[in-house]
file protein-v9.pdb (PDB, C-alpha atoms and all ligand atoms)
ATOM      1  CA  MET A   7     -25.632 -11.774   2.543
ATOM      2  CA  VAL A   8     -22.700 -10.701   4.697
ATOM      3  CA  SER A   9     -20.048  -8.403   3.197
ATOM      4  CA  VAL A  10     -16.514  -8.453   4.554
ATOM      5  CA  VAL A  11     -14.759  -5.091   4.319
ATOM      6  CA  SER A  12     -11.159  -4.652   5.483
ATOM      7  CA  ILE A  13      -9.616  -1.413   6.653
ATOM      8  CA  THR A  14      -5.900  -1.657   6.078
ATOM      9  CA  GLY A  15      -2.836   0.442   5.328
ATOM     10  CA  GLY A  16       0.862  -0.073   4.756
ATOM     11  CA  LYS A  17       1.875   2.606   7.209
ATOM     12  CA  GLY A  18       1.054   2.755  10.920
ATOM     13  CA  GLY A  19      -0.434   5.834  12.553
ATOM     14  CA  THR A  20      -2.587   6.881   9.577
ATOM     15  CA  GLY A  21      -5.835   6.698  11.566
ATOM     16  CA  LYS A  22      -6.905   3.209  10.445
ATOM     17  CA  SER A  23      -8.525   2.240  13.755
ATOM     18  CA  THR A  24     -10.248   5.629  14.026
ATOM     19  CA  ILE A  25     -11.786   5.120  10.594
ATOM     20  CA  ALA A  26     -12.659   1.438  11.183
ATOM     21  CA  THR A  27     -14.464   2.127  14.472
ATOM     22  CA  SER A  28     -16.262   5.202  13.177
ATOM     23  CA  LEU A  29     -17.291   3.410   9.982
ATOM     24  CA  ALA A  30     -18.614   0.472  11.994
ATOM     25  CA  THR A  31     -20.812   2.733  14.138
ATOM     26  CA  TYR A  32     -22.264   4.516  11.104
ATOM     27  CA  LEU A  33     -23.020   1.185   9.393
ATOM     28  CA  ALA A  34     -24.580  -0.102  12.610
ATOM     29  CA  LYS A  35     -27.361   2.491  12.354
ATOM     30  CA  ASN A  36     -29.029   0.380   9.623
ATOM     31  CA  ASN A  37     -27.194  -2.939   9.735
ATOM     32  CA  ARG A  38     -25.912  -5.751  11.938
ATOM     33  CA  VAL A  39     -22.188  -5.048  12.201
ATOM     34  CA  LEU A  40     -19.284  -7.092  13.515
ATOM     35  CA  LEU A  41     -15.978  -5.270  13.897
ATOM     36  CA  VAL A  42     -12.912  -7.523  14.170
ATOM     37  CA  ASP A  43      -9.708  -6.034  15.552
ATOM     38  CA  LEU A  44      -6.862  -8.090  14.089
ATOM     39  CA  ASP A  45      -4.071  -5.726  15.029
ATOM     40  CA  VAL A  46      -3.296  -8.427  17.576
ATOM     41  CA  GLU A  47      -0.068  -6.942  18.913
ATOM     42  CA  CYS A  48      -1.798  -3.757  20.033
ATOM     43  CA  PRO A  49      -5.573  -3.919  19.527
ATOM     44  CA  ASP A  50      -7.195  -0.604  20.452
ATOM     45  CA  ASP A  51     -10.690  -0.578  18.915
ATOM     46  CA  HIS A  52     -12.206  -1.481  22.314
ATOM     47  CA  TYR A  53     -10.670   1.654  23.860
ATOM     48  CA  ILE A  54     -12.098   3.862  21.115
ATOM     49  CA  LEU A  55     -15.523   2.221  21.385
ATOM     50  CA  ASN A  56     -15.355   2.233  25.182
ATOM     51  CA  ILE A  57     -16.014  -1.506  25.374
ATOM     52  CA  ASP A  58     -15.250  -3.625  28.399
ATOM     53  CA  LEU A  59     -14.187  -6.854  26.679
ATOM     54  CA  LYS A  60     -14.972 -10.343  27.987
ATOM     55  CA  LYS A  61     -12.702 -13.226  27.045
ATOM     56  CA  ILE A  62     -14.195 -15.839  24.683
ATOM     57  CA  ASP A  63     -11.316 -18.298  24.669
ATOM     58  CA  ASP A  64      -7.578 -18.845  24.903
ATOM     59  CA  ILE A  65      -5.608 -19.658  21.759
ATOM     60  CA  PHE A  66      -3.089 -22.482  21.823
ATOM     61  CA  GLN A  67      -0.407 -23.698  19.470
ATOM     62  CA  MET A  68       1.088 -27.179  19.176
ATOM     63  CA  VAL A  69       4.526 -27.684  20.703
ATOM     64  CA  PRO A  70       6.427 -30.995  20.862
ATOM     65  CA  LYS A  71       6.373 -33.057  24.053
ATOM     66  CA  PHE A  72       9.449 -35.259  24.407
ATOM     67  CA  ASP A  73       9.484 -38.752  25.911
ATOM     68  CA  ASN A  74      13.143 -39.380  26.714
ATOM     69  CA  SER A  75      12.480 -43.051  27.496
ATOM     70  CA  LYS A  76      11.815 -43.564  23.763
ATOM     71  CA  CYS A  77      14.407 -41.108  22.411
ATOM     72  CA  ILE A  78      17.454 -42.604  20.675
ATOM     73  CA  LYS A  79      19.297 -39.230  20.521
ATOM     74  CA  CYS A  80      19.451 -39.286  16.707
ATOM     75  CA  GLY A  81      19.102 -35.488  16.446
ATOM     76  CA  LYS A  82      16.730 -35.582  13.439
ATOM     77  CA  CYS A  83      14.190 -33.389  15.230
ATOM     78  CA  ALA A  84      16.825 -30.659  15.686
ATOM     79  CA  GLU A  85      17.871 -31.014  12.032
ATOM     80  CA  VAL A  86      14.368 -30.421  10.641
ATOM     81  CA  CYS A  87      13.501 -27.545  12.959
ATOM     82  CA  SER A  88      13.854 -24.378  10.875
ATOM     83  CA  GLU A  89      13.364 -22.209  13.975
ATOM     84  CA  ASN A  90      16.280 -23.655  15.968
ATOM     85  CA  ALA A  91      13.816 -24.490  18.727
ATOM     86  CA  ILE A  92      15.489 -27.865  19.333
ATOM     87  CA  VAL A  93      19.164 -28.362  20.126
ATOM     88  CA  LEU A  94      20.831 -31.729  20.641
ATOM     89  CA  PRO A  95      23.782 -31.501  23.037
ATOM     90  CA  LYS A  96      26.457 -34.158  22.481
ATOM     91  CA  ASN A  97      25.397 -37.561  23.878
ATOM     92  CA  ASN A  98      22.299 -36.084  25.438
ATOM     93  CA  PHE A  99      18.561 -35.750  24.944
ATOM     94  CA  PRO A 100      17.130 -32.875  22.885
ATOM     95  CA  LEU A 101      16.758 -29.473  24.538
ATOM     96  CA  PHE A 102      13.598 -27.617  23.591
ATOM     97  CA  PHE A 103      13.069 -23.814  23.538
ATOM     98  CA  PRO A 104       9.277 -23.336  23.398
ATOM     99  CA  GLU A 105       9.431 -19.584  22.708
ATOM    100  CA  GLN A 106      11.131 -20.333  19.360
ATOM    101  CA  CYS A 107       8.586 -22.969  18.261
ATOM    102  CA  ILE A 108       6.008 -22.064  15.577
ATOM    103  CA  GLY A 109       4.134 -25.385  15.791
ATOM    104  CA  CYS A 110       4.995 -26.639  12.293
ATOM    105  CA  LYS A 111       5.065 -30.296  13.512
ATOM    106  CA  ALA A 112       8.131 -31.190  11.417
ATOM    107  CA  CYS A 113       9.883 -32.668  14.480
ATOM    108  CA  LEU A 114       6.800 -34.730  15.348
ATOM    109  CA  LEU A 115       6.522 -36.145  11.841
ATOM    110  CA  VAL A 116      10.193 -37.048  11.556
ATOM    111  CA  CYS A 117      10.353 -38.649  14.999
ATOM    112  CA  ASN A 118       7.175 -40.659  14.373
ATOM    113  CA  LYS A 119       9.100 -42.519  11.666
ATOM    114  CA  ILE A 120      12.098 -43.142  13.943
ATOM    115  CA  ALA A 121      11.179 -43.620  17.586
ATOM    116  CA  GLY A 122       7.788 -42.076  18.402
ATOM    117  CA  ALA A 123       9.422 -40.055  21.171
ATOM    118  CA  ILE A 124       7.536 -36.834  20.363
ATOM    119  CA  SER A 125       3.834 -36.264  20.972
ATOM    120  CA  GLU A 126       1.673 -33.146  20.748
ATOM    121  CA  GLY A 127       1.772 -30.674  23.618
ATOM    122  CA  LYS A 128       0.477 -27.106  23.557
ATOM    123  CA  LYS A 129       1.409 -23.591  24.604
ATOM    124  CA  LYS A 130      -0.863 -20.596  25.038
ATOM    125  CA  ILE A 131      -0.136 -17.930  22.421
ATOM    126  CA  GLY A 132      -3.024 -15.550  22.921
ATOM    127  CA  PHE A 133      -6.737 -15.128  23.451
ATOM    128  CA  PHE A 134      -9.717 -13.423  21.902
ATOM    129  CA  SER A 135     -12.481 -11.393  23.458
ATOM    130  CA  LYS A 136     -15.808  -9.810  22.629
ATOM    131  CA  GLY A 137     -17.978  -6.878  23.638
ATOM    132  CA  SER A 138     -20.534  -4.425  22.221
ATOM    133  CA  ASN A 139     -21.274  -0.713  22.138
ATOM    134  CA  TYR A 140     -22.833   1.816  19.720
ATOM    135  CA  GLY A 141     -24.706  -1.115  18.132
ATOM    136  CA  VAL A 142     -21.398  -2.688  17.058
ATOM    137  CA  ASP A 143     -20.265  -6.157  18.157
ATOM    138  CA  LEU A 144     -16.499  -6.250  18.535
ATOM    139  CA  ILE A 145     -14.140  -9.220  18.551
ATOM    140  CA  ALA A 146     -10.500  -8.514  19.324
ATOM    141  CA  GLY A 147      -7.524 -10.873  19.121
ATOM    142  CA  PHE A 148      -4.552 -10.547  21.478
ATOM    143  CA  VAL A 149      -1.159 -12.173  21.083
ATOM    144  CA  SER A 150       0.344 -12.913  24.483
ATOM    145  CA  VAL A 151       3.790 -14.257  23.715
ATOM    146  CA  GLY A 152       5.704 -12.616  20.877
ATOM    147  CA  LYS A 153       5.417 -11.348  17.332
ATOM    148  CA  GLU A 154       6.038 -14.830  15.887
ATOM    149  CA  GLU A 155       2.653 -15.966  17.198
ATOM    150  CA  SER A 156       0.658 -13.109  15.641
ATOM    151  CA  SER A 157      -0.225 -15.016  12.464
ATOM    152  CA  PRO A 158      -1.637 -18.122  14.215
ATOM    153  CA  VAL A 159      -3.656 -15.842  16.526
ATOM    154  CA  VAL A 160      -5.103 -13.972  13.524
ATOM    155  CA  LYS A 161      -5.880 -17.264  11.752
ATOM    156  CA  HIS A 162      -7.639 -18.611  14.853
ATOM    157  CA  VAL A 163      -9.784 -15.488  15.276
ATOM    158  CA  LYS A 164     -10.627 -15.479  11.542
ATOM    159  CA  LYS A 165     -11.795 -19.102  11.834
ATOM    160  CA  TYR A 166     -14.092 -18.126  14.696
ATOM    161  CA  VAL A 167     -15.396 -15.123  12.724
ATOM    162  CA  GLU A 168     -16.138 -17.431   9.758
ATOM    163  CA  SER A 169     -18.394 -19.490  12.032
ATOM    164  CA  ILE A 170     -20.501 -16.510  13.167
ATOM    165  CA  LYS A 171     -20.400 -14.072  10.249
ATOM    166  CA  LYS A 172     -23.746 -15.306   8.885
ATOM    167  CA  ASN A 173     -25.384 -13.396  11.763
ATOM    168  CA  TYR A 174     -24.233 -10.045  10.356
ATOM    169  CA  ASP A 175     -24.711  -7.786   7.354
ATOM    170  CA  TYR A 176     -21.171  -6.416   7.569
ATOM    171  CA  VAL A 177     -17.924  -7.707   8.995
ATOM    172  CA  ILE A 178     -15.364  -4.903   9.248
ATOM    173  CA  ILE A 179     -11.792  -6.146   9.635
ATOM    174  CA  ASP A 180      -9.284  -3.735  11.172
ATOM    175  CA  THR A 181      -5.881  -5.129  10.144
ATOM    176  CA  ALA A 182      -2.428  -4.335  11.497
ATOM    177  CA  ALA A 183      -0.302  -1.927   9.472
ATOM    178  CA  GLY A 184       2.288  -3.350   7.093
ATOM    179  CA  MET A 185       2.546  -6.118   4.519
ATOM    180  CA  HIS A 186       3.523  -9.123   6.664
ATOM    181  CA  CYS A 187       1.821 -12.544   7.071
ATOM    182  CA  THR A 188      -0.448 -11.272   9.851
ATOM    183  CA  VAL A 189      -1.945  -8.686   7.479
ATOM    184  CA  ILE A 190      -2.301 -11.211   4.645
ATOM    185  CA  HIS A 191      -4.238 -13.628   6.894
ATOM    186  CA  ALA A 192      -6.402 -10.747   8.139
ATOM    187  CA  LEU A 193      -7.225  -9.676   4.564
ATOM    188  CA  GLU A 194      -8.046 -13.156   3.252
ATOM    189  CA  LYS A 195     -11.701 -13.621   2.161
ATOM    190  CA  SER A 196     -12.386  -9.861   2.152
ATOM    191  CA  ASP A 197     -14.914  -8.712  -0.445
ATOM    192  CA  PHE A 198     -13.544  -5.185  -0.461
ATOM    193  CA  ALA A 199     -10.922  -3.060   1.266
ATOM    194  CA  PHE A 200     -10.101   0.544   2.051
ATOM    195  CA  ALA A 201      -6.384   1.344   2.137
ATOM    196  CA  VAL A 202      -5.879   4.246   4.532
ATOM    197  CA  THR A 203      -2.902   6.490   3.948
ATOM    198  CA  GLU A 204      -1.698  10.069   4.301
ATOM    199  CA  PRO A 205      -0.054  12.444   1.812
ATOM    200  CA  THR A 206       3.579  11.967   2.820
ATOM    201  CA  PRO A 207       6.445  10.185   1.013
ATOM    202  CA  PHE A 208       6.231   7.336   3.571
ATOM    203  CA  GLY A 209       2.459   7.166   3.091
ATOM    204  CA  ALA A 210       2.888   6.982  -0.706
ATOM    205  CA  HIS A 211       5.589   4.316  -0.501
ATOM    206  CA  ASP A 212       3.628   2.095   1.874
ATOM    207  CA  LEU A 213       0.401   2.589  -0.073
ATOM    208  CA  GLY A 214       2.224   1.252  -3.137
ATOM    209  CA  LYS A 215       3.157  -1.888  -1.214
ATOM    210  CA  ILE A 216      -0.242  -2.580   0.352
ATOM    211  CA  GLY A 217      -1.929  -1.815  -2.985
ATOM    212  CA  GLU A 218       0.252  -4.383  -4.751
ATOM    213  CA  LEU A 219      -0.628  -6.917  -2.056
ATOM    214  CA  LEU A 220      -4.370  -6.226  -2.417
ATOM    215  CA  ASN A 221      -4.096  -6.580  -6.203
ATOM    216  CA  GLU A 222      -2.190  -9.825  -5.729
ATOM    217  CA  LEU A 223      -4.952 -11.106  -3.408
ATOM    218  CA  LYS A 224      -7.542  -9.907  -5.959
ATOM    219  CA  ILE A 225      -9.350  -7.800  -3.370
ATOM    220  CA  PRO A 226     -10.892  -4.667  -4.942
ATOM    221  CA  PHE A 227      -9.938  -1.576  -2.969
ATOM    222  CA  GLU A 228     -10.220   2.163  -2.772
ATOM    223  CA  ILE A 229      -7.981   4.658  -1.049
ATOM    224  CA  VAL A 230      -8.876   6.826   1.929
ATOM    225  CA  LEU A 231      -6.572   9.801   2.222
ATOM    226  CA  ASN A 232      -6.484  10.884   5.832
ATOM    227  CA  ARG A 233      -5.144  14.341   6.806
ATOM    228  CA  SER A 234      -5.490  15.148   3.114
ATOM    229  CA  ASP A 235      -4.751  18.862   3.560
ATOM    230  CA  VAL A 236      -1.376  18.568   5.264
ATOM    231  CA  GLY A 237       0.800  17.162   2.455
ATOM    232  CA  ASP A 238       1.174  16.576  -1.253
ATOM    233  CA  LYS A 239      -1.965  14.861  -2.586
ATOM    234  CA  LYS A 240      -0.405  14.438  -6.045
ATOM    235  CA  LEU A 241       1.996  11.836  -4.600
ATOM    236  CA  ILE A 242      -0.916   9.624  -3.631
ATOM    237  CA  GLY A 243      -2.829  10.339  -6.853
ATOM    238  CA  LYS A 244       0.064   8.963  -8.926
ATOM    239  CA  ILE A 245       0.303   5.775  -6.855
ATOM    240  CA  ALA A 246      -3.471   5.293  -7.009
ATOM    241  CA  GLU A 247      -3.362   5.502 -10.802
ATOM    242  CA  LYS A 248      -0.475   3.038 -10.980
ATOM    243  CA  LEU A 249      -2.407   0.594  -8.778
ATOM    244  CA  GLY A 250      -5.593   0.935 -10.826
ATOM    245  CA  SER A 251      -7.461   2.285  -7.805
ATOM    246  CA  GLU A 252      -8.917   5.646  -6.822
ATOM    247  CA  ILE A 253      -8.984   8.000  -3.868
ATOM    248  CA  THR A 254     -12.559   7.690  -2.647
ATOM    249  CA  SER A 255     -12.353   9.904   0.370
ATOM    250  CA  LYS A 256     -10.151  12.803   1.374
ATOM    251  CA  ILE A 257     -10.492  13.470   5.084
ATOM    252  CA  PRO A 258      -8.874  16.800   5.989
ATOM    253  CA  TYR A 259      -6.981  17.299   9.213
ATOM    254  CA  SER A 260      -9.566  18.319  11.736
ATOM    255  CA  THR A 261      -9.058  19.386  15.327
ATOM    256  CA  SER A 262     -12.215  17.569  16.389
ATOM    257  CA  ILE A 263     -11.040  14.274  14.854
ATOM    258  CA  ALA A 264      -7.558  14.692  16.329
ATOM    259  CA  GLU A 265      -9.026  15.490  19.752
ATOM    260  CA  ALA A 266     -11.405  12.529  19.640
ATOM    261  CA  TYR A 267      -8.526  10.289  18.528
ATOM    262  CA  ALA A 268      -6.226  11.564  21.293
ATOM    263  CA  LYS A 269      -8.939  10.969  23.891
ATOM    264  CA  GLY A 270      -9.690   7.514  22.469
ATOM    265  CA  GLU A 271     -13.241   8.568  21.616
ATOM    266  CA  ILE A 272     -15.471   7.625  18.722
ATOM    267  CA  VAL A 273     -15.107  10.021  15.779
ATOM    268  CA  ARG A 274     -18.189  11.578  14.206
ATOM    269  CA  ASP A 275     -17.216  12.883  10.808
ATOM    270  CA  GLU A 276     -19.170  13.628   7.645
ATOM    271  CA  HIS A 277     -16.517  12.035   5.392
ATOM    272  CA  ILE A 278     -16.655   8.739   7.272
ATOM    273  CA  ARG A 279     -20.475   8.810   7.237
ATOM    274  CA  LYS A 280     -20.273   9.129   3.434
ATOM    275  CA  LEU A 281     -17.806   6.248   3.331
ATOM    276  CA  ALA A 282     -20.373   4.106   5.192
ATOM    277  CA  GLN A 283     -23.030   5.105   2.646
ATOM    278  CA  ARG A 284     -20.624   4.226  -0.157
ATOM    279  CA  ILE A 285     -20.089   0.740   1.281
ATOM    280  CA  GLU A 286     -23.844   0.233   1.630
ATOM    281  CA  ALA A 287     -24.386   1.253  -1.998
ATOM    282  CA  LYS A 288     -21.486  -0.885  -3.273
ATOM    283  CA  MET A 289     -22.352  -4.041  -1.359
ATOM    284  CA  LYS A 290     -26.092  -4.081  -2.137
TER     285      LYS A 290
HETATM  286  S1  LIG A 301      14.002 -37.319  16.481
HETATM  287 FE1  LIG A 301      13.035 -38.348  18.215
HETATM  288  S2  LIG A 301      14.463 -39.952  18.703
HETATM  289 FE2  LIG A 301      15.620 -38.513  17.467
HETATM  290  S3  LIG A 301      16.545 -37.105  18.956
HETATM  291 FE3  LIG A 301      14.590 -36.210  18.366
HETATM  292  S4  LIG A 301      13.167 -36.947  19.924
HETATM  293 FE4  LIG A 301      14.962 -38.241  20.052
HETATM  294  S1  LIG A 302       7.000 -27.889  15.863
HETATM  295 FE1  LIG A 302       8.339 -27.079  14.234
HETATM  296  S2  LIG A 302       9.135 -25.197  15.083
HETATM  297 FE2  LIG A 302       8.326 -26.367  16.818
HETATM  298  S3  LIG A 302      10.065 -27.480  17.579
HETATM  299 FE3  LIG A 302       9.035 -28.826  16.113
HETATM  300  S4  LIG A 302      10.076 -28.472  14.168
HETATM  301 FE4  LIG A 302      10.646 -26.793  15.536
END
call {"tool": "encode", "arguments": {"input": "protein-v9.pdb", "output": "structure tokens"}}
result
Amino acid sequence: MVSVVSITGGKGGTGKSTIATSLATYLAKNNRVLLVDLDVECPDDHYILNIDLKKIDDIFQMVPKFDNSKCIKCGKCAEVCSENAIVLPKNNFPLFFPEQCIGCKACLLVCNKIAGAISEGKKKIGFFSKGSNYGVDLIAGFVSVGKEESSPVVKHVKKYVESIKKNYDYVIIDTAAGMHCTVIHALEKSDFAFAVTEPTPFGAHDLGKIGELLNELKIPFEIVLNRSDVGDKKLIGKIAEKLGSEITSKIPYSTSIAEAYAKGEIVRDEHIRKLAQRIEAKMK
């Protein structure tokens, strides 16, 4: 049966993608592995894995299409739009700002009851691509418009992953950093997660937040402490205890890892190999 393991972290720049890609390649030695890059604003796993991605499909979102011949200029569509994507100038037809629209369909529903002047149109918000290397299949989502569209892009890619995950032993999800909707959608349906952090006050603070989120989502998780020798480990230990989790792996700062990371190369590291073995033992 497939196991879904997320690699996440409250703080950016902690080495999440380095660990996710390296972990995926170690697991791929004995398993069928799908890595999913859901850091859709700046996906970089394909650079690290040296994969030339091929597009699978574009991702669209609903936007309203106005038929002015049916419009009675009542302004209800502008009233219900929480994003201020519709404005009704005095005695005129509605003006629509597609970049503001999140596709909630509220305007469509309200107008259907009044005049039927709005139908469903669509705008492209991103795309998703695939490729393979080191025995790992990679799917990466890309948002092409703005931050607001990140969540629907993540949801779309997750839906696609759901349809193919039966072909794999492990699905490794590389989430964006932070605690926003995009990360929540990326984490949904995970069997397990590693929260990657570093021993700094910012690392401790953000670990607290992502840990609370994982507990809220009822996703069991362990903590990976990256660059463990360049800060105060006790900070992280206290947060781990508070969250009811533990630090599974302490990866010291290493020139070889830093060099590989800087060059965008795959990292070979004993600690990450052990992490892969730990996942295999846990998910049996
Ligand atoms: S709700 Fe429909 S009828 Fe009313 S202003 Fe908007 S588009 Fe026109
Ligand atoms: S779909 Fe939602 S966000 Fe977009 S214009 Fe209509 S009400 Fe506004």
call {"tool": "axis_aligned_box", "arguments": {"input": "protein-v9.pdb", "around": "ligand LIG 301 (chain A)", "padding_each_side": "4 Å", "output": "lines of an AutoDock Vina configuration file"}}
result
center_x = 14.8
center_y = -38.1
center_z = 18.3
size_x = 11.5
size_y = 11.7
size_z = 11.6
call {"tool": "resolve_selection", "arguments": {"input": "protein-v9.pdb", "expression": "the PyMOL selection byres (((not hetatm)) within 8 of (chain A and resi 301))", "output": "list in words"}}
result
Phe72, Asp73, Asn74, Lys76, Cys77, Ile78, Lys79, Cys80, Gly81, Lys82, Cys83, Ala84, Leu94, Phe99, Pro100, Cys113, Leu114, Val116, Cys117, Asn118, Ile120, Ala121, Gly122, Ala123 and Ile124 of chain A
call {"tool": "write_last_selection", "arguments": {"input": "protein-v9.pdb", "atoms": "C-alpha atoms", "output": "PDB file, keeping the file's coordinate frame"}}
result
ATOM      1  CA  PHE A  72       9.449 -35.259  24.407  1.00  0.00           C
ATOM      2  CA  ASP A  73       9.484 -38.752  25.911  1.00  0.00           C
ATOM      3  CA  ASN A  74      13.143 -39.380  26.714  1.00  0.00           C
ATOM      4  CA  LYS A  76      11.815 -43.564  23.763  1.00  0.00           C
ATOM      5  CA  CYS A  77      14.407 -41.108  22.411  1.00  0.00           C
ATOM      6  CA  ILE A  78      17.454 -42.604  20.675  1.00  0.00           C
ATOM      7  CA  LYS A  79      19.297 -39.230  20.521  1.00  0.00           C
ATOM      8  CA  CYS A  80      19.451 -39.286  16.707  1.00  0.00           C
ATOM      9  CA  GLY A  81      19.102 -35.488  16.446  1.00  0.00           C
ATOM     10  CA  LYS A  82      16.730 -35.582  13.439  1.00  0.00           C
ATOM     11  CA  CYS A  83      14.190 -33.389  15.230  1.00  0.00           C
ATOM     12  CA  ALA A  84      16.825 -30.659  15.686  1.00  0.00           C
ATOM     13  CA  LEU A  94      20.831 -31.729  20.641  1.00  0.00           C
ATOM     14  CA  PHE A  99      18.561 -35.750  24.944  1.00  0.00           C
ATOM     15  CA  PRO A 100      17.130 -32.875  22.885  1.00  0.00           C
ATOM     16  CA  CYS A 113       9.883 -32.668  14.480  1.00  0.00           C
ATOM     17  CA  LEU A 114       6.800 -34.730  15.348  1.00  0.00           C
ATOM     18  CA  VAL A 116      10.193 -37.048  11.556  1.00  0.00           C
ATOM     19  CA  CYS A 117      10.353 -38.649  14.999  1.00  0.00           C
ATOM     20  CA  ASN A 118       7.175 -40.659  14.373  1.00  0.00           C
ATOM     21  CA  ILE A 120      12.098 -43.142  13.943  1.00  0.00           C
ATOM     22  CA  ALA A 121      11.179 -43.620  17.586  1.00  0.00           C
ATOM     23  CA  GLY A 122       7.788 -42.076  18.402  1.00  0.00           C
ATOM     24  CA  ALA A 123       9.422 -40.055  21.171  1.00  0.00           C
ATOM     25  CA  ILE A 124       7.536 -36.834  20.363  1.00  0.00           C
TER      26      ILE A 124
END
call {"tool": "residues_near_ligand", "arguments": {"input": "protein-v9.pdb", "ligand": "ligand LIG 302 (chain A)", "cutoff": "12 Å", "atoms": "only C-alpha atoms and all ligand atoms", "output": "number ranges by chain"}}
result
A: 67-72, 81-94, 100-117, 124-129, 154-155
call {"tool": "write_last_selection", "arguments": {"input": "protein-v9.pdb", "atoms": "C-alpha atoms", "output": "short mmCIF file (atom, residue, chain, number, x, y, z; two decimals), in the frame of the given file"}}
result
data_model
loop_
_atom_site.label_atom_id
_atom_site.label_comp_id
_atom_site.auth_asym_id
_atom_site.auth_seq_id
_atom_site.Cartn_x
_atom_site.Cartn_y
_atom_site.Cartn_z
CA GLN A 67 -0.41 -23.70 19.47
CA MET A 68 1.09 -27.18 19.18
CA VAL A 69 4.53 -27.68 20.70
CA PRO A 70 6.43 -31.00 20.86
CA LYS A 71 6.37 -33.06 24.05
CA PHE A 72 9.45 -35.26 24.41
CA GLY A 81 19.10 -35.49 16.45
CA LYS A 82 16.73 -35.58 13.44
CA CYS A 83 14.19 -33.39 15.23
CA ALA A 84 16.82 -30.66 15.69
CA GLU A 85 17.87 -31.01 12.03
CA VAL A 86 14.37 -30.42 10.64
CA CYS A 87 13.50 -27.54 12.96
CA SER A 88 13.85 -24.38 10.88
CA GLU A 89 13.36 -22.21 13.98
CA ASN A 90 16.28 -23.66 15.97
CA ALA A 91 13.82 -24.49 18.73
CA ILE A 92 15.49 -27.86 19.33
CA VAL A 93 19.16 -28.36 20.13
CA LEU A 94 20.83 -31.73 20.64
CA PRO A 100 17.13 -32.88 22.88
CA LEU A 101 16.76 -29.47 24.54
CA PHE A 102 13.60 -27.62 23.59
CA PHE A 103 13.07 -23.81 23.54
CA PRO A 104 9.28 -23.34 23.40
CA GLU A 105 9.43 -19.58 22.71
CA GLN A 106 11.13 -20.33 19.36
CA CYS A 107 8.59 -22.97 18.26
CA ILE A 108 6.01 -22.06 15.58
CA GLY A 109 4.13 -25.38 15.79
CA CYS A 110 5.00 -26.64 12.29
CA LYS A 111 5.07 -30.30 13.51
CA ALA A 112 8.13 -31.19 11.42
CA CYS A 113 9.88 -32.67 14.48
CA LEU A 114 6.80 -34.73 15.35
CA LEU A 115 6.52 -36.15 11.84
CA VAL A 116 10.19 -37.05 11.56
CA CYS A 117 10.35 -38.65 15.00
CA ILE A 124 7.54 -36.83 20.36
CA SER A 125 3.83 -36.26 20.97
CA GLU A 126 1.67 -33.15 20.75
CA GLY A 127 1.77 -30.67 23.62
CA LYS A 128 0.48 -27.11 23.56
CA LYS A 129 1.41 -23.59 24.60
CA GLU A 154 6.04 -14.83 15.89
CA GLU A 155 2.65 -15.97 17.20
#
call {"tool": "residues_around", "arguments": {"input": "protein-v9.pdb", "residues": "A:Asp175", "least_positions_apart": "3", "cutoff": "9 Å", "atoms": "all atoms listed in the file", "output": "ChimeraX atom specification"}}
result
/A:7-10,37-40,171-172
call {"tool": "resolve_selection", "arguments": {"input": "protein-v9.pdb", "expression": "the PyMOL selection byres (((chain A and resi 191) around 9) and not hetatm)", "output": "compact mmCIF listing (two decimals) with C-alpha atoms, in the coordinates of the input"}}
result
# COMPACT_ATOMS: atom_id res chain seq x y z
CA SER A 157 -0.22 -15.02 12.46
CA PRO A 158 -1.64 -18.12 14.22
CA VAL A 160 -5.10 -13.97 13.52
CA LYS A 161 -5.88 -17.26 11.75
CA LYS A 164 -10.63 -15.48 11.54
CA HIS A 186 3.52 -9.12 6.66
CA CYS A 187 1.82 -12.54 7.07
CA THR A 188 -0.45 -11.27 9.85
CA VAL A 189 -1.94 -8.69 7.48
CA ILE A 190 -2.30 -11.21 4.64
CA ALA A 192 -6.40 -10.75 8.14
CA LEU A 193 -7.22 -9.68 4.56
CA GLU A 194 -8.05 -13.16 3.25
CA LYS A 195 -11.70 -13.62 2.16
call {"tool": "closest_residue", "arguments": {"input": "protein-v9.pdb", "among": "A:Gly237, A:Ala199, A:Ser156, A:Ile245", "to": "A:Asp212", "atoms": "all atoms listed in the file"}}
result
A:Ile245
call {"tool": "atom_distance", "arguments": {"input": "protein-v9.pdb", "atom1": "atom CA of A:His277", "atom2": "atom CA of A:His52"}}
result
22.1 Å
call {"tool": "resolve_selection", "arguments": {"input": "protein-v9.pdb", "expression": "the PyMOL selection byres (((chain A and resi 64) around 6) and not hetatm)", "output": "ChimeraX atom specification"}}
result
/A:63,65,132-133
call {"tool": "write_last_selection", "arguments": {"input": "protein-v9.pdb", "atoms": "C-alpha atoms", "output": "PDB file, in the coordinates of the input"}}
result
ATOM      1  CA  ASP A  63     -11.316 -18.298  24.669  1.00  0.00           C
ATOM      2  CA  ILE A  65      -5.608 -19.658  21.759  1.00  0.00           C
ATOM      3  CA  GLY A 132      -3.024 -15.550  22.921  1.00  0.00           C
ATOM      4  CA  PHE A 133      -6.737 -15.128  23.451  1.00  0.00           C
TER       5      PHE A 133
END
call {"tool": "closest_residue", "arguments": {"input": "protein-v9.pdb", "among": "A:Glu168, A:Asp58, A:Glu252, A:Asp275", "to": "A:Val42", "atoms": "all atoms listed in the file"}}
result
A:Glu168
call {"tool": "closest_residue", "arguments": {"input": "protein-v9.pdb", "among": "A:Ser138, A:Ala34, A:Gly184, A:Ile229", "to": "A:Ile216", "atoms": "only C-alpha atoms"}}
result
A:Gly184
call {"tool": "residues_around", "arguments": {"input": "protein-v9.pdb", "residues": "A:Gly137", "least_positions_apart": "3", "cutoff": "10 Å", "atoms": "only C-alpha atoms", "output": "PyMOL selection string"}}
result
chain A and resi 52+55-62+142-146
